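Trainee: Structure provided below as structure tokens; questions to follow.
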Amino acid sequence: MPERVIAFIRSEIKAIRNGKVFIFLACLVLATFLWFLNALEKHYTDHISVRVSYVNLPQKKELTGYLPNHLDLTVDALGYTLLRYKLRLVLSPLLIDVNELSNNYLTTNFSSKYSISTNGHKEEFAKQINNEIKIISIKPDSLNFKVSHITEKMVQVAPNVKSSFAREYVLQKRPTSKPESILISGPDEIIDTIKVINTKLIELKNLSQSLIRDADLIFPEEIHSDISKVSVQITVEQSTEAKFEIPIEILNQPKDILIKSFPSKVKITCRVGVSQFNKLNKESFKAFINFSERNAQLTKLPVILNNLPENILSMDYFPKEVDYIIEHK
């Protein structure tokens with residue numbers, strides 16, 4: 001057995017040396033090439049996808065809603081033609097002339113909707129793609145155009161800031177943008193719903209000083225503006241502690257009795273930004289107990305703080321509840 005294997009290998013090596021294998025391979029390649037050329041001369045039905053670009057839009061109006069950016073075509077063509085088409089690396093988009101296909105209906109009429117049959121324009125589309133390609137069918141079979149009047153509107157910019165602060169530092173005021181408002185344009189039914197334009201999120205950590213950051217604006221679909229970004233100002237300041245002692249008021253006190261609380265005042269401690277310190281005073285707070293909440297189980301009444309200033313950062317007070325006595329007048 002080993003002798004036969006060795007003899008076979010020797011004979012193959014000899015054949016290779018004689019060039020028989022190379023001749024066979026050359027013939028095989030040539031035959032394959034001729035078969036391929038013959039196959040390309042036949043007609044084939046195939047599917048191709050083409051990009052779409054919509055041009056010649058109605059003046060002072062804008063396309064809204066969904067329109068496909070590709071059309072799927074079932075085509076018939078020679079193999080040569082299909083091969084040339086598929087080997088093209090960059091395909092020019094199919095141009096759909098909106099005004100021409102709608103006979104200027106969307107421009108001259110108040111109506112904002114119009115539908116065309118794609119299969120009704122197969123020959124026009126085929127001329128743009130390749131004269132040697134015959135379009136059998138198109139998907140989607142119709143294009144539904146919807147247009148809206150373009151309007152403009154000034155809207156506020158809303159900075160989107162997420163921040164943390166170094167110890168004893170706080171935000172002095174809400175972040176502001178420059179400009180504070182921008183002019184936007186788009187379909188009127190969308191413009192009417194927009195109250196503000198938000199910025200992309202700005203994340204800041206351990207702030208101890210004021211700063212300015214550029215931020216891109218986030219526009220809803222189909223809304224445009226000449227301004228794409230704004231400067232956002234984040235103003236930081238140190239915080240300080242403020243203390244007040246205010247009297248406790250009595251709510252729902254009957255006319256024929258006199259109620260006294262012990263103690264009669266409450267001590268308030270709060271943290272506030274330095275710029276807000278002088279804006280606080282005793283009148284900034286109100287403390288009371290509600291006599292109507294008393295019952296046999298309650299020996300004390302809770303102290304409630306009301307009318308709290310918006311500019312305080314944190315607050316605590318003492319006592320949280322007080323004793324009371326009732327005196328008849």
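Each chain in the structure tokens gets a letter, A, B, ..., in the order shown, and its residues are numbered from 1; ligands are numbered from 1 in order too.
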Would you mind listing what lies within 10 Å of Thr176 of chain A as a PyMOL selection string, with only C-alpha atoms counted and same-chain residues fewer than 4 positions away left out?
Mentor: chain A and resi 157-160+180+212+230-235
Trainee: Could you give me the residues within segment 42-231 of chain A that DSSP places in strand (DSSP E), as a PyMOL selection string?
Mentor: chain A and resi 43-55+61-64+70-78+94-97+113-117+134-139+142-158+161-165+169-171+176-178+181-187+196-198+202-207+211-216+229-231
Trainee: Given the choices A:Val147, A:Leu73, A:Ile194, A:Leu94, which gets closest to Lys134 of chain A if the distance is worked out from only C-alpha atoms?
Mentor: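 Of all the options, A:Leu73 lies closest to Lys134 of chain A.
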Trainee: Which residues come within 8 Å of segment 69-71 of chain A, counting only C-alpha atoms, excluding same-chain residues fewer than 6 positions away, as an mmCIF file with C-alpha atoms, in the first residue's frame?
Mentor:
```
data_model
loop_
_atom_site.group_PDB
_atom_site.id
_atom_site.type_symbol
_atom_site.label_atom_id
_atom_site.label_comp_id
_atom_site.auth_asym_id
_atom_site.auth_seq_id
_atom_site.Cartn_x
_atom_site.Cartn_y
_atom_site.Cartn_z
ATOM 1 C CA SER A 49 -33.327 49.851 -3.769
ATOM 2 C CA VAL A 50 -32.807 53.494 -4.768
ATOM 3 C CA ARG A 51 -32.382 56.579 -2.619
ATOM 4 C CA VAL A 52 -34.978 59.326 -3.007
ATOM 5 C CA SER A 53 -34.569 63.091 -2.870
ATOM 6 C CA ILE A 138 -42.484 49.957 -7.022
ATOM 7 C CA LYS A 139 -42.930 49.791 -3.259
ATOM 8 C CA PRO A 140 -44.456 51.715 -1.638
#
```
Trainee: Have a look at A:Asp316, A:Ser228, A:Gly186, A:Thr118 and name the one nearest to His149 of chain A; count only C-alpha atoms.
Mentor: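 For His149 of chain A, the nearest of the given residues is A:Gly186.
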Trainee: Could you check the closest approach to Thr240 of chain A for each of A:Lys260, A:Lys127, A:Lys195, A:Arg167 and tell me which residue wins, using only C-alpha atoms?
Mentor: A:Arg167
Trainee: Which is closest to His224 of chain A among A:Glu249, A:Asp72, A:Glu237, A:Glu152, if we use only C-alpha atoms?
Mentor: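 Answer, going by the shortest atom-to-atom distance: A:Glu152.
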Trainee: Give me, as an NGL selection string, all polymer residues having an atom no more than 10 Å from Glu123 of chain A, counting only C-alpha atoms and skipping those fewer than 4 positions away in the same chain.
Mentor: :A and (119 or 127-129 or 131 or 133-136)
Trainee: Could the residues in this selection be saved with N, CA and C atoms as a PDB file, in the first residue's frame?
Mentor:
```
ATOM      1  N   ASN A 119     -46.304  53.741  -9.049  1.00  0.00           N
ATOM      2  CA  ASN A 119     -46.336  52.856 -10.217  1.00  0.00           C
ATOM      3  C   ASN A 119     -46.864  53.575 -11.461  1.00  0.00           C
ATOM      4  N   LYS A 127     -36.108  56.377 -16.520  1.00  0.00           N
ATOM      5  CA  LYS A 127     -35.200  57.228 -17.302  1.00  0.00           C
ATOM      6  C   LYS A 127     -34.091  57.804 -16.429  1.00  0.00           C
ATOM      7  N   GLN A 128     -34.440  58.132 -15.172  1.00  0.00           N
ATOM      8  CA  GLN A 128     -33.425  58.663 -14.269  1.00  0.00           C
ATOM      9  C   GLN A 128     -32.424  57.597 -13.840  1.00  0.00           C
ATOM     10  N   ILE A 129     -32.907  56.375 -13.692  1.00  0.00           N
ATOM     11  CA  ILE A 129     -32.037  55.309 -13.195  1.00  0.00           C
ATOM     12  C   ILE A 129     -31.158  54.765 -14.319  1.00  0.00           C
ATOM     13  N   ASN A 131     -31.817  53.762 -18.773  1.00  0.00           N
ATOM     14  CA  ASN A 131     -32.769  53.535 -19.876  1.00  0.00           C
ATOM     15  C   ASN A 131     -32.911  52.062 -20.224  1.00  0.00           C
ATOM     16  N   ILE A 133     -33.134  49.645 -18.087  1.00  0.00           N
ATOM     17  CA  ILE A 133     -33.836  48.946 -17.018  1.00  0.00           C
ATOM     18  C   ILE A 133     -35.337  49.213 -17.141  1.00  0.00           C
ATOM     19  N   LYS A 134     -36.132  48.158 -17.078  1.00  0.00           N
ATOM     20  CA  LYS A 134     -37.582  48.290 -17.101  1.00  0.00           C
ATOM     21  C   LYS A 134     -38.103  48.037 -15.680  1.00  0.00           C
ATOM     22  N   ILE A 135     -38.851  49.013 -15.161  1.00  0.00           N
ATOM     23  CA  ILE A 135     -39.408  48.877 -13.811  1.00  0.00           C
ATOM     24  C   ILE A 135     -40.735  48.131 -13.896  1.00  0.00           C
ATOM     25  N   ILE A 136     -40.823  47.033 -13.172  1.00  0.00           N
ATOM     26  CA  ILE A 136     -42.057  46.234 -13.148  1.00  0.00           C
ATOM     27  C   ILE A 136     -43.006  46.739 -12.070  1.00  0.00           C
TER      28      ILE A 136
END
```
Trainee: For each of A:Phe288, A:Tyr324, A:Phe219, A:Tyr169, take the minimum atom-to-atom distance to Val274 of chain A, counting only C-alpha atoms, then give the residue where this is smallest.
Mentor: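 Using only C-alpha atoms, the shortest distance to Val274 of chain A belongs to A:Tyr169.
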Trainee: As a list in words, please: every residue in segment 96-307 of chain A that DSSP puts in alpha helix (DSSP H).
Mentor: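 Answer for segment 96-307 of chain A, restricted to alpha helix (DSSP H): Val98, Asn99, Glu100, Leu101, Tyr105, Leu106, Thr107, Thr108, Lys122, Glu123, Glu124, Phe125, Ala126, Lys127, Gln128, Ile129, Asp188, Glu189, Ile190 and Ile191 of chain A.
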